[in-house]
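Right, one structure below, let's go through it.
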Number of protein chains: 2
Amino acid sequence: MLYVIIFSSSRLNMLSKNACKFSRLNQIQRSITKNFNTCRVLSAEIRGLGNEPDAPVVNTPVPGPKSLELTKQIATIQQAGTIQFFTDYENSTGNYIVDADGNKLLDVYMQIASLPLGYNHPDIQKVISDPKNYSIFVNRPALGTNPPVNLYEKLTKIINSCAPKGLNMIQTMACGSCANENAYKAIFIRYNSLMRGGKDLTAEDLNECVVNKGPGCPDLSILSFKGAFHGRTFGVLATTHSKTIHKLDIPSLDWPVAPFPRYKYPLEENVEYNKKQDEDCLREVEQLIEYYNNVKKRPVAGIVVEPVQSEGGDHHGSPYFFQQLQRIGKEKNSMLLIDEVQTGLGATGKMWAFEHFNLAESPDLMTFAKKMQIGGYFYSEKFVTQPYRIFNTWLGDPARALLLEETLNVIKRDKLIELNEKTGEYLLSNLKVMCKDYSKLIANARGLGTFCAFDGASSKIRDDLIAKMRNLGIQCGASGDVAFRIRPSLIFSKKHADIFIDRLEKSLKSF
Amino acid sequence: MLYVIIFSSSRLNMLSKNACKFSRLNQIQRSITKNFNTCRVLSAEIRGLGNEPDAPVVNTPVPGPKSLELTKQIATIQQAGTIQFFTDYENSTGNYIVDADGNKLLDVYMQIASLPLGYNHPDIQKVISDPKNYSIFVNRPALGTNPPVNLYEKLTKIINSCAPKGLNMIQTMACGSCANENAYKAIFIRYNSLMRGGKDLTAEDLNECVVNKGPGCPDLSILSFKGAFHGRTFGVLATTHSKTIHKLDIPSLDWPVAPFPRYKYPLEENVEYNKKQDEDCLREVEQLIEYYNNVKKRPVAGIVVEPVQSEGGDHHGSPYFFQQLQRIGKEKNSMLLIDEVQTGLGATGKMWAFEHFNLAESPDLMTFAKKMQIGGYFYSEKFVTQPYRIFNTWLGDPARALLLEETLNVIKRDKLIELNEKTGEYLLSNLKVMCKDYSKLIANARGLGTFCAFDGASSKIRDDLIAKMRNLGIQCGASGDVAFRIRPSLIFSKKHADIFIDRLEKSLKSF
């Protein structure tokens with residue numbers, strides 16, 4: 001798909017040379033429309049858009065007076081500094097989020113990339129209102145000890161719909177941090193068991209490990225990347241390096257942190273520079289593993305990586321980078337964990353973003369959360385170990401898994417991943433034009449599917465742009481220091497992209 | 001309340017001397033009935049018991065053939081070694097869990113102590129089936145950025161119903177591990193901020209902390225206790241010391257681990273020994289804090305403790321122990337976090353178990369999960385810090401919080417905490433008699449409210465007893481090496497206790 005984008009972009013560049021600046025967008029939109037034919041057909045079949053307004057409706061500044069009042073109230077009982085606005089979930093619909101003041105915003109951020117089918121999707125509503133599902137909402141089970149009679153059937157449907165090839169086992173968890181924490185544990189358990197070569201520990205060693213000591217609690221590590229985000233609990237926070245504020249004042253671990261490629265855009269004009277980025281980063285990965293294995297004596301049991309560094313600023317890695325990373329992991333006995341918490345479930349125009357990389361095989365483990373509505377990871381039989389090692393009371397929530405099951409049905413029925421791919425192609429082409437036309441304000445349009453981003457010329461410009469967009473009826477988000485991130489639902493289509501681009505241009509013009 | 005139990009027990013001891021062994025139980029039950037008058041009145045008003053069978057119904061061994069078949073199936077797609085039996089949640093009701101084979105077991109374990117009102121409680125069913133609640137189930141929100149318009153109202157109800165005095169702020173999380181992980185972070189953030197004395201870090205220090213280094217990632221620690229359980233993710237696992245299998249092969253941290261009292265029972269016959277336990281443990285707590293603060297240079301920012309060590313074997317600490325622990329924490333600037341994940345929400349005959357201890361004030365933080373249906377912690381204003389430090393995508397699940405809100409209404413309306421206290425008194429009196437009558441098999445009956453336990457003479461005897469009980473229709477659990485733990489719902493009443501005691505005696509007789 002990357003090639004399609006590049007080709008499409010080259011064609012746009014040629015086009016743009018012959019067009020005057022202000023009519024360019026319309027021209028391009030017309031030329032793209034041809035490619036979008038299949039997509040328009042698809043749009044007609046997308047359920048969940050029926051109650052949407054034709055366009056955003058903004059009556060007050062966002063956040064409006066009611067949101068501000070509610071924020072003041074809630075600040076008396078919890079941290080409130082992260083609140084964008086209070087939300088009227090009952091009246092939100094499709095791609096439109098309705099705030100406490102009645103503003104209807106086109107939402108390209110979707111609850112930090114976590115709501116797959118937009119608001120109040122009719123098929124999801126049916127699941128909730130079906131009395132045969134009540135008991136699983138009423139009786140929250142301890143899945144590990146007393147699973148519901150239909151758990152195998154439910155999980156098998158999920159596995160058959162979306163498990164990466166070869167990873168046909170699933171462990172559910174309550175959230176993304178727990179998903180990664182437990183995947184790290186699975187890696188450590190397997191690595192250390194292999195190191196022990198099947199030998200049992202002595203009773204003394206076991207006693208020591210209960211109080212955090214001895215060979216039972218080995219000095220192993222997970223290699224992560226600068227700019228990565230894998231969650232906020234203690235273990236995964238040691239592999240998160242996106243922002244100071246996430247890390248400050250929390251004790252951490254001496255685990256290796258490698259650089260992740262920082263590409264120049266457009267990709268096709270920076271091939272050599274970007275290839276060198278890949279090679280430099282890969283070399284440092286190899287060196288760090290050697291150093292931690294042999295000098296530091298904290299062997300690197302696993303490598304954790306996002307297909308796109310999402311919280312850290314939407315940094316992409318090439319297929320070559322990921323292929324080589326997998327090769328290095330295999331050579332050094334460091335298991336590869338791909339974290340698809342933000343990129344997964346169709347968000348990039350593939351079920352999983354790593355499918356863009358043509359890897360020789362699936363990663364050893366793959367974690368998920370957000371759009372999946374539950375956390376967890378897919379794994380293979382080699383990670384099966386004694387009971388009670390990967391365990392907790394709830395192990396997720398089968399009520400939320402019920403929504404995932406229906407979401408997977410809808411994705412398949414309405415061909416939403418194909419829609420995402422086509423809409424993303426259209427969106428990115430337009431973003432590239434915007435970056436050319438407003439090159440003093442924004443740059444570096446990039447993306448896979450609708451999982452797109454571009455950079456502001458500064459943090460301030462990016463933040464101002466987000467505020468302007470919100471007041472023009474677009475709910476959007478930031479990532480990293482300067483990136484503007486677009487994370488719409490899977491029912492985001494051409495007509496929504498058109499509105500987004502229109503408001504983006506209006507906002508940019510107003511600087 | 002402890003005194004009431006002791007008094008009651010002494011009276012029982014006197015009684016028992018004059019009664020022949022086999023008629024003793026009936027006699028005691030009659031004598032207790034008088035004390036239980038208020039409770040019988042209460043029983044009549046308990047909702048949720050209407051569809052219960054009169055007694056357990058067991059038609060197959062437990063687990064039965066259908067459960068075994070399902071376990072075999074599910075073992076192909078996930079770890080299945082922890083499964084007790086598959087559960088028919090639709091037909092489970094009140095205190096009775098129905099398994100895949102149609103057996104109806106009196107459940108005194110309740111999903112690892114996590115289901116507050118038993119199965120299919122009518123008031124909880126109403127919440128689920130009420131269309132005005134659908135939207136919060138359909139649209140899982142990112143609570144930190146886009147809270148629902150009624151969040152303040154909902155959280156305020158929870159705070160007003162159950163927040164410990166002085167801890168009138170709440171942070172919700174997805175599970176118990178996340179609750180404790182984030183409470184530790186709150187402690188570290190506050191401790192290190194105070195240490196910095198308001199000074200900002202240099203830009204260089206901040207850059208270092210993004211890759212886990214420098215004064216921004218300080219070497220701080222949390223003091224925990226041998227036998228404690230605070231969860232299974234990396235940070236909280238470093239404070240969990242209940243079983244080897246929870247810890248093995250996972251890297252850990254050099255944090256102080258103090259001994260927790262191990263009392264002899266009956267308490268009234270071992271006053272001196274138990275007092276010495278308290279003093280010895282407290283002395284070691286003080287010494288460890290001194291050592292980690294001044295020699296190891298890993299200052300002890302916080303102390304985490306369960307009111308009753310629940311997973312570790314139902315080990316109790318005296319009010320004196322907890323009062324002194326709080327004093328030590330204050331003197332050493334180590335914040336006190338009480339972990340009420342298993343003991344909370346009325347399980348011990350008080351809203352929170354620490355209320356049994358007559359502390360000078362509430363702990364600095366108190367975590368919850370399990371019966372609360374969501375994880376989280378109560379805190380006070382001193383922990384409020386910059387935004388995005390304690391944060392994640394979902395921050396719990398307001399759909400589950402909706403169930404908590406209704407659960408709190410029911411607890412108040414049906415006086416379920418009073419019921420728990422009275423039923424617990426009755427249950428414990430009977431357990432003490434059993435421990436005398438079958439002293440070669442079981443001992444050390446102890447408890448607060450219905451949160452009771454006793455020890456098997458060996459792990460094998462305990463495990464055999466649980467299996468026998470299950471086949472006589474009682475779903476129960478283990479904790480630690482030898483403890484038999486009783487964790488019923490809040491609608492567990494005298495008639496259920498009678499059935500439990502009857503089956504316990506039958507099981508003990510069959511050894």
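Going by the structure tokens order, chains are called A, B, ..., each with residues numbered from 1, while ligands are numbered from 1 in the order shown.
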
* Near Lys275 (chain B), counting only C-alpha atoms, which residues have an atom at most 9 Å away, once you skip same-chain residues fewer than 5 positions from it, shown as a VMD selection string? -> chain B and resid 263 270 280 318 320 to 321

C-alpha atoms of the current selection, written as a compact mmCIF listing (two decimals), in the first residue's frame:
# COMPACT_ATOMS: atom_id res chain seq x y z
CA TYR B 263 -0.67 -14.93 65.39
CA ASN B 270 -2.08 -16.19 73.11
CA ASP B 280 8.97 -7.73 66.47
CA SER B 318 -4.16 -6.31 65.40
CA TYR B 320 -2.36 -2.02 67.72
CA PHE B 321 -0.14 -3.22 64.88

Region 135-369 of chain A: residues DSSP assigns to alpha helix (DSSP H), reported as a short mmCIF file (atom, residue, chain, number, x, y, z; two decimals) with N, CA and C atoms, in the first residue's frame:
data_model
loop_
_atom_site.label_atom_id
_atom_site.label_comp_id
_atom_site.auth_asym_id
_atom_site.auth_seq_id
_atom_site.Cartn_x
_atom_site.Cartn_y
_atom_site.Cartn_z
N SER A 135 -26.93 -11.37 31.43
CA SER A 135 -26.29 -12.03 32.57
C SER A 135 -24.78 -11.78 32.59
N ILE A 136 -24.17 -11.56 31.42
CA ILE A 136 -22.73 -11.35 31.40
C ILE A 136 -22.38 -9.92 31.83
N PHE A 137 -23.35 -9.01 31.71
CA PHE A 137 -23.13 -7.66 32.23
C PHE A 137 -23.38 -7.62 33.74
N VAL A 138 -24.36 -8.42 34.19
CA VAL A 138 -24.75 -8.39 35.61
C VAL A 138 -23.73 -9.11 36.48
N LEU A 151 -17.46 -19.32 26.77
CA LEU A 151 -16.21 -18.57 26.58
C LEU A 151 -15.39 -19.11 25.41
N TYR A 152 -15.31 -20.42 25.29
CA TYR A 152 -14.52 -20.99 24.20
C TYR A 152 -15.08 -20.54 22.85
N GLU A 153 -16.39 -20.64 22.73
CA GLU A 153 -17.05 -20.24 21.48
C GLU A 153 -16.77 -18.77 21.17
N LYS A 154 -16.88 -17.92 22.19
CA LYS A 154 -16.69 -16.47 21.99
C LYS A 154 -15.24 -16.16 21.60
N LEU A 155 -14.30 -16.74 22.33
CA LEU A 155 -12.89 -16.45 22.05
C LEU A 155 -12.47 -17.01 20.70
N THR A 156 -13.03 -18.17 20.36
CA THR A 156 -12.68 -18.77 19.07
C THR A 156 -13.13 -17.88 17.93
N LYS A 157 -14.31 -17.28 18.08
CA LYS A 157 -14.78 -16.34 17.04
C LYS A 157 -13.79 -15.19 16.88
N ILE A 158 -13.32 -14.67 18.01
CA ILE A 158 -12.37 -13.55 17.96
C ILE A 158 -11.08 -14.00 17.29
N ILE A 159 -10.58 -15.15 17.70
CA ILE A 159 -9.33 -15.67 17.12
C ILE A 159 -9.49 -15.88 15.62
N ASN A 160 -10.60 -16.51 15.23
CA ASN A 160 -10.80 -16.78 13.80
C ASN A 160 -10.96 -15.50 13.00
N SER A 161 -11.48 -14.46 13.63
CA SER A 161 -11.71 -13.20 12.89
C SER A 161 -10.45 -12.37 12.76
N CYS A 162 -9.54 -12.46 13.72
CA CYS A 162 -8.47 -11.46 13.67
C CYS A 162 -7.11 -11.88 14.21
N GLY A 176 -4.66 -1.74 28.19
CA GLY A 176 -3.45 -1.83 27.38
C GLY A 176 -2.19 -1.99 28.20
N SER A 177 -2.09 -1.28 29.32
CA SER A 177 -0.91 -1.43 30.18
C SER A 177 -0.81 -2.86 30.69
N CYS A 178 -1.93 -3.40 31.17
CA CYS A 178 -1.93 -4.79 31.66
C CYS A 178 -1.60 -5.77 30.55
N ALA A 179 -2.05 -5.48 29.34
CA ALA A 179 -1.74 -6.34 28.20
C ALA A 179 -0.23 -6.42 28.02
N ASN A 180 0.44 -5.27 27.97
CA ASN A 180 1.89 -5.27 27.77
C ASN A 180 2.62 -5.84 28.99
N GLU A 181 2.19 -5.45 30.19
CA GLU A 181 2.84 -5.99 31.40
C GLU A 181 2.86 -7.51 31.37
N ASN A 182 1.72 -8.09 31.03
CA ASN A 182 1.64 -9.56 31.06
C ASN A 182 2.34 -10.20 29.88
N ALA A 183 2.40 -9.51 28.75
CA ALA A 183 3.19 -10.03 27.63
C ALA A 183 4.67 -10.03 28.00
N TYR A 184 5.13 -8.98 28.71
CA TYR A 184 6.53 -8.97 29.18
C TYR A 184 6.77 -10.17 30.10
N LYS A 185 5.81 -10.41 31.00
CA LYS A 185 5.96 -11.54 31.92
C LYS A 185 6.06 -12.86 31.14
N ALA A 186 5.21 -12.99 30.13
CA ALA A 186 5.25 -14.22 29.31
C ALA A 186 6.64 -14.38 28.68
N ILE A 187 7.21 -13.26 28.23
CA ILE A 187 8.55 -13.29 27.62
C ILE A 187 9.60 -13.69 28.66
N PHE A 188 9.55 -13.06 29.84
CA PHE A 188 10.54 -13.37 30.89
C PHE A 188 10.45 -14.83 31.32
N ILE A 189 9.21 -15.30 31.49
CA ILE A 189 9.02 -16.68 31.94
C ILE A 189 9.63 -17.65 30.93
N ARG A 190 9.33 -17.40 29.65
CA ARG A 190 9.86 -18.31 28.63
C ARG A 190 11.38 -18.21 28.54
N TYR A 191 11.89 -16.98 28.56
CA TYR A 191 13.33 -16.79 28.40
C TYR A 191 14.09 -17.46 29.55
N ASN A 192 13.63 -17.20 30.77
CA ASN A 192 14.36 -17.74 31.93
C ASN A 192 14.21 -19.26 32.03
N SER A 193 13.04 -19.77 31.64
CA SER A 193 12.87 -21.23 31.64
C SER A 193 13.85 -21.86 30.66
N LEU A 194 13.98 -21.25 29.48
CA LEU A 194 14.93 -21.78 28.50
C LEU A 194 16.35 -21.71 29.03
N MET A 195 16.69 -20.60 29.70
CA MET A 195 18.04 -20.43 30.25
C MET A 195 18.33 -21.51 31.29
N ARG A 196 17.31 -21.84 32.09
CA ARG A 196 17.50 -22.87 33.12
C ARG A 196 17.63 -24.26 32.50
N ALA A 203 14.94 -25.27 46.60
CA ALA A 203 13.96 -24.70 47.52
C ALA A 203 14.46 -23.35 48.04
N GLU A 204 15.76 -23.25 48.25
CA GLU A 204 16.33 -22.01 48.76
C GLU A 204 16.16 -20.87 47.74
N ASP A 205 16.44 -21.19 46.47
CA ASP A 205 16.26 -20.19 45.42
C ASP A 205 14.81 -19.72 45.35
N LEU A 206 13.91 -20.67 45.50
CA LEU A 206 12.49 -20.32 45.43
C LEU A 206 12.11 -19.40 46.59
N ASN A 207 12.61 -19.70 47.78
CA ASN A 207 12.33 -18.85 48.94
C ASN A 207 12.85 -17.43 48.72
N GLU A 208 14.01 -17.34 48.11
CA GLU A 208 14.60 -16.03 47.83
C GLU A 208 13.74 -15.23 46.86
N CYS A 209 13.19 -15.94 45.89
CA CYS A 209 12.47 -15.21 44.84
C CYS A 209 11.16 -14.63 45.37
N VAL A 210 10.62 -15.20 46.45
CA VAL A 210 9.41 -14.61 47.05
C VAL A 210 9.70 -13.22 47.60
N PHE A 234 4.32 0.22 36.12
CA PHE A 234 5.75 0.26 36.37
C PHE A 234 6.61 -0.42 35.29
N GLY A 235 6.28 -1.65 34.94
CA GLY A 235 7.10 -2.39 33.97
C GLY A 235 7.04 -1.77 32.59
N VAL A 236 5.84 -1.48 32.12
CA VAL A 236 5.72 -0.92 30.77
C VAL A 236 6.20 0.53 30.74
N LEU A 237 6.10 1.22 31.87
CA LEU A 237 6.59 2.60 31.91
C LEU A 237 8.10 2.65 31.70
N THR A 244 8.44 13.45 29.10
CA THR A 244 8.98 13.55 30.45
C THR A 244 7.89 13.39 31.50
N ILE A 245 6.75 14.01 31.26
CA ILE A 245 5.71 14.06 32.29
C ILE A 245 5.18 12.66 32.62
N HIS A 246 5.32 11.72 31.67
CA HIS A 246 4.90 10.34 31.96
C HIS A 246 5.85 9.64 32.92
N LYS A 247 7.09 10.11 32.98
CA LYS A 247 8.16 9.37 33.66
C LYS A 247 8.61 10.00 34.97
N VAL A 271 15.06 9.05 0.21
CA VAL A 271 15.28 7.60 0.29
C VAL A 271 16.60 7.28 1.00
N GLU A 272 17.65 7.98 0.61
CA GLU A 272 18.97 7.65 1.15
C GLU A 272 19.07 7.99 2.64
N TYR A 273 18.60 9.20 2.96
CA TYR A 273 18.63 9.63 4.36
C TYR A 273 17.86 8.64 5.24
N ASN A 274 16.70 8.25 4.77
CA ASN A 274 15.85 7.39 5.59
C ASN A 274 16.43 5.98 5.72
N LYS A 275 17.04 5.52 4.64
CA LYS A 275 17.69 4.20 4.70
C LYS A 275 18.80 4.22 5.75
N LYS A 276 19.53 5.33 5.80
CA LYS A 276 20.60 5.45 6.79
C LYS A 276 20.02 5.47 8.21
N GLN A 277 18.87 6.12 8.36
CA GLN A 277 18.19 6.09 9.66
C GLN A 277 17.94 4.64 10.09
N ASP A 278 17.38 3.86 9.16
CA ASP A 278 17.12 2.45 9.47
C ASP A 278 18.40 1.75 9.91
N GLU A 279 19.44 1.90 9.10
CA GLU A 279 20.69 1.17 9.37
C GLU A 279 21.30 1.60 10.70
N ASP A 280 21.31 2.91 10.95
CA ASP A 280 21.89 3.41 12.21
C ASP A 280 21.14 2.85 13.41
N CYS A 281 19.82 2.87 13.33
CA CYS A 281 19.01 2.39 14.46
C CYS A 281 19.22 0.89 14.66
N LEU A 282 19.22 0.15 13.55
CA LEU A 282 19.37 -1.30 13.66
C LEU A 282 20.73 -1.67 14.25
N ARG A 283 21.76 -0.92 13.83
CA ARG A 283 23.10 -1.19 14.36
C ARG A 283 23.10 -0.99 15.87
N GLU A 284 22.44 0.09 16.31
CA GLU A 284 22.44 0.36 17.75
C GLU A 284 21.61 -0.70 18.51
N VAL A 285 20.56 -1.19 17.89
CA VAL A 285 19.80 -2.27 18.52
C VAL A 285 20.72 -3.47 18.76
N GLU A 286 21.47 -3.84 17.73
CA GLU A 286 22.38 -4.99 17.86
C GLU A 286 23.42 -4.76 18.94
N GLN A 287 23.99 -3.55 18.92
CA GLN A 287 25.04 -3.25 19.90
C GLN A 287 24.49 -3.25 21.32
N LEU A 288 23.30 -2.68 21.49
CA LEU A 288 22.70 -2.63 22.83
C LEU A 288 22.42 -4.03 23.35
N ILE A 289 21.92 -4.89 22.48
CA ILE A 289 21.62 -6.26 22.93
C ILE A 289 22.91 -6.95 23.35
N GLU A 290 23.96 -6.81 22.53
CA GLU A 290 25.26 -7.39 22.88
C GLU A 290 25.74 -6.88 24.24
N PRO A 319 9.12 -1.08 6.26
CA PRO A 319 9.08 -2.54 6.28
C PRO A 319 10.47 -3.13 6.48
N TYR A 320 11.47 -2.54 5.82
CA TYR A 320 12.84 -3.04 5.95
C TYR A 320 13.29 -3.00 7.41
N PHE A 321 13.01 -1.88 8.09
CA PHE A 321 13.41 -1.75 9.49
C PHE A 321 12.81 -2.88 10.33
N PHE A 322 11.53 -3.12 10.14
CA PHE A 322 10.87 -4.14 10.97
C PHE A 322 11.33 -5.56 10.60
N GLN A 323 11.56 -5.78 9.30
CA GLN A 323 12.07 -7.10 8.89
C GLN A 323 13.42 -7.38 9.54
N GLN A 324 14.28 -6.37 9.53
CA GLN A 324 15.62 -6.54 10.11
C GLN A 324 15.55 -6.68 11.63
N LEU A 325 14.62 -5.94 12.23
CA LEU A 325 14.45 -6.03 13.68
C LEU A 325 14.06 -7.46 14.07
N GLN A 326 13.17 -8.04 13.28
CA GLN A 326 12.76 -9.42 13.56
C GLN A 326 13.96 -10.37 13.40
N ARG A 327 14.76 -10.13 12.37
CA ARG A 327 15.94 -10.97 12.15
C ARG A 327 16.90 -10.87 13.34
N ILE A 328 17.16 -9.65 13.79
CA ILE A 328 18.08 -9.45 14.92
C ILE A 328 17.54 -10.17 16.16
N GLY A 329 16.25 -10.00 16.43
CA GLY A 329 15.64 -10.66 17.58
C GLY A 329 15.87 -12.16 17.54
N LYS A 330 15.66 -12.73 16.37
CA LYS A 330 15.84 -14.19 16.24
C LYS A 330 17.29 -14.58 16.49
N GLU A 331 18.21 -13.80 15.93
CA GLU A 331 19.63 -14.13 16.08
C GLU A 331 20.09 -14.03 17.54
N LYS A 332 19.51 -13.07 18.26
CA LYS A 332 19.98 -12.82 19.64
C LYS A 332 19.09 -13.48 20.69
#

* With a distance cut-off of 9 Å and only C-alpha atoms, select the neighbouring residues of Val127 (chain B), excluding the residue or stretch itself and same-chain residues fewer than 6 positions from it, and output the selection as a list in words. => Val138 of chain A; Asn133, Leu402, Leu403 and Glu406 of chain B

* **strand (DSSP E) per DSSP on the backbone: members of region 276-457 of chain A, as number ranges by chain** => A: 300-305, 308-309, 315-316, 335-339, 365-368, 375-379, 442-448, 451-456

* Counting only C-alpha atoms, which of B:Asp455, B:Leu143, B:Val433, B:Asp397 gets nearest to Gln111 (chain A)? -> B:Leu143

* **Residue neighbourhood Lys460 (chain B), 12 Å, only C-alpha atoms, exclusion window fewer than 6 positions, as a list in words** => Leu441, Ile442, Ile466, Ala467, Ala478, Asp481, Val482, Ala483, Phe484 and Phe511 of chain B

* Structure fact -> Here CA of Ile411 (chain B) and CA of Ile124 (chain B) stand apart by 12.0 Å

* Asked: For chain A, which residue among B:Ser493, B:Asn333, B:Asn95, B:Asn392 is the nearest when counting only C-alpha atoms?
  -> B:Asn392

* Asked: Between B:Gly166, B:Lys264, B:Leu105, B:Val384, which one has atoms that come closest to chain A, using only C-alpha atoms?
  ->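 Closest candidate: B:Val384.
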
* In Å, with one decimal, what is the gap from CA of Lys243 (chain A) to CA of Ala258 (chain A)? ->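 These atoms are spaced 15.7 Å apart.
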
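Atom pair CA of Phe368 (chain B) / CA of Trp352 (chain B) has a distance of 9.6 Å (rounded to one decimal).
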
* Asked: Hey, which of B:Gly447, B:Pro363, B:Gly94, B:Gly424 ends up closest to Lys494 (chain B)? Count only C-alpha atoms.
  -> B:Gly424

* Nearest candidate to chain A (options B:Phe260, B:Ile338, B:Ala369, B:Phe357; using only C-alpha atoms) ->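 Ranking B:Phe260, B:Ile338, B:Ala369, B:Phe357 by distance to chain A, first place goes to B:Ala369.
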
* Could you tell me which of A:Ala174, A:Leu68, A:Val98, A:Ile491 comes closest to Leu395 (chain B) if we count only C-alpha atoms? => A:Ala174
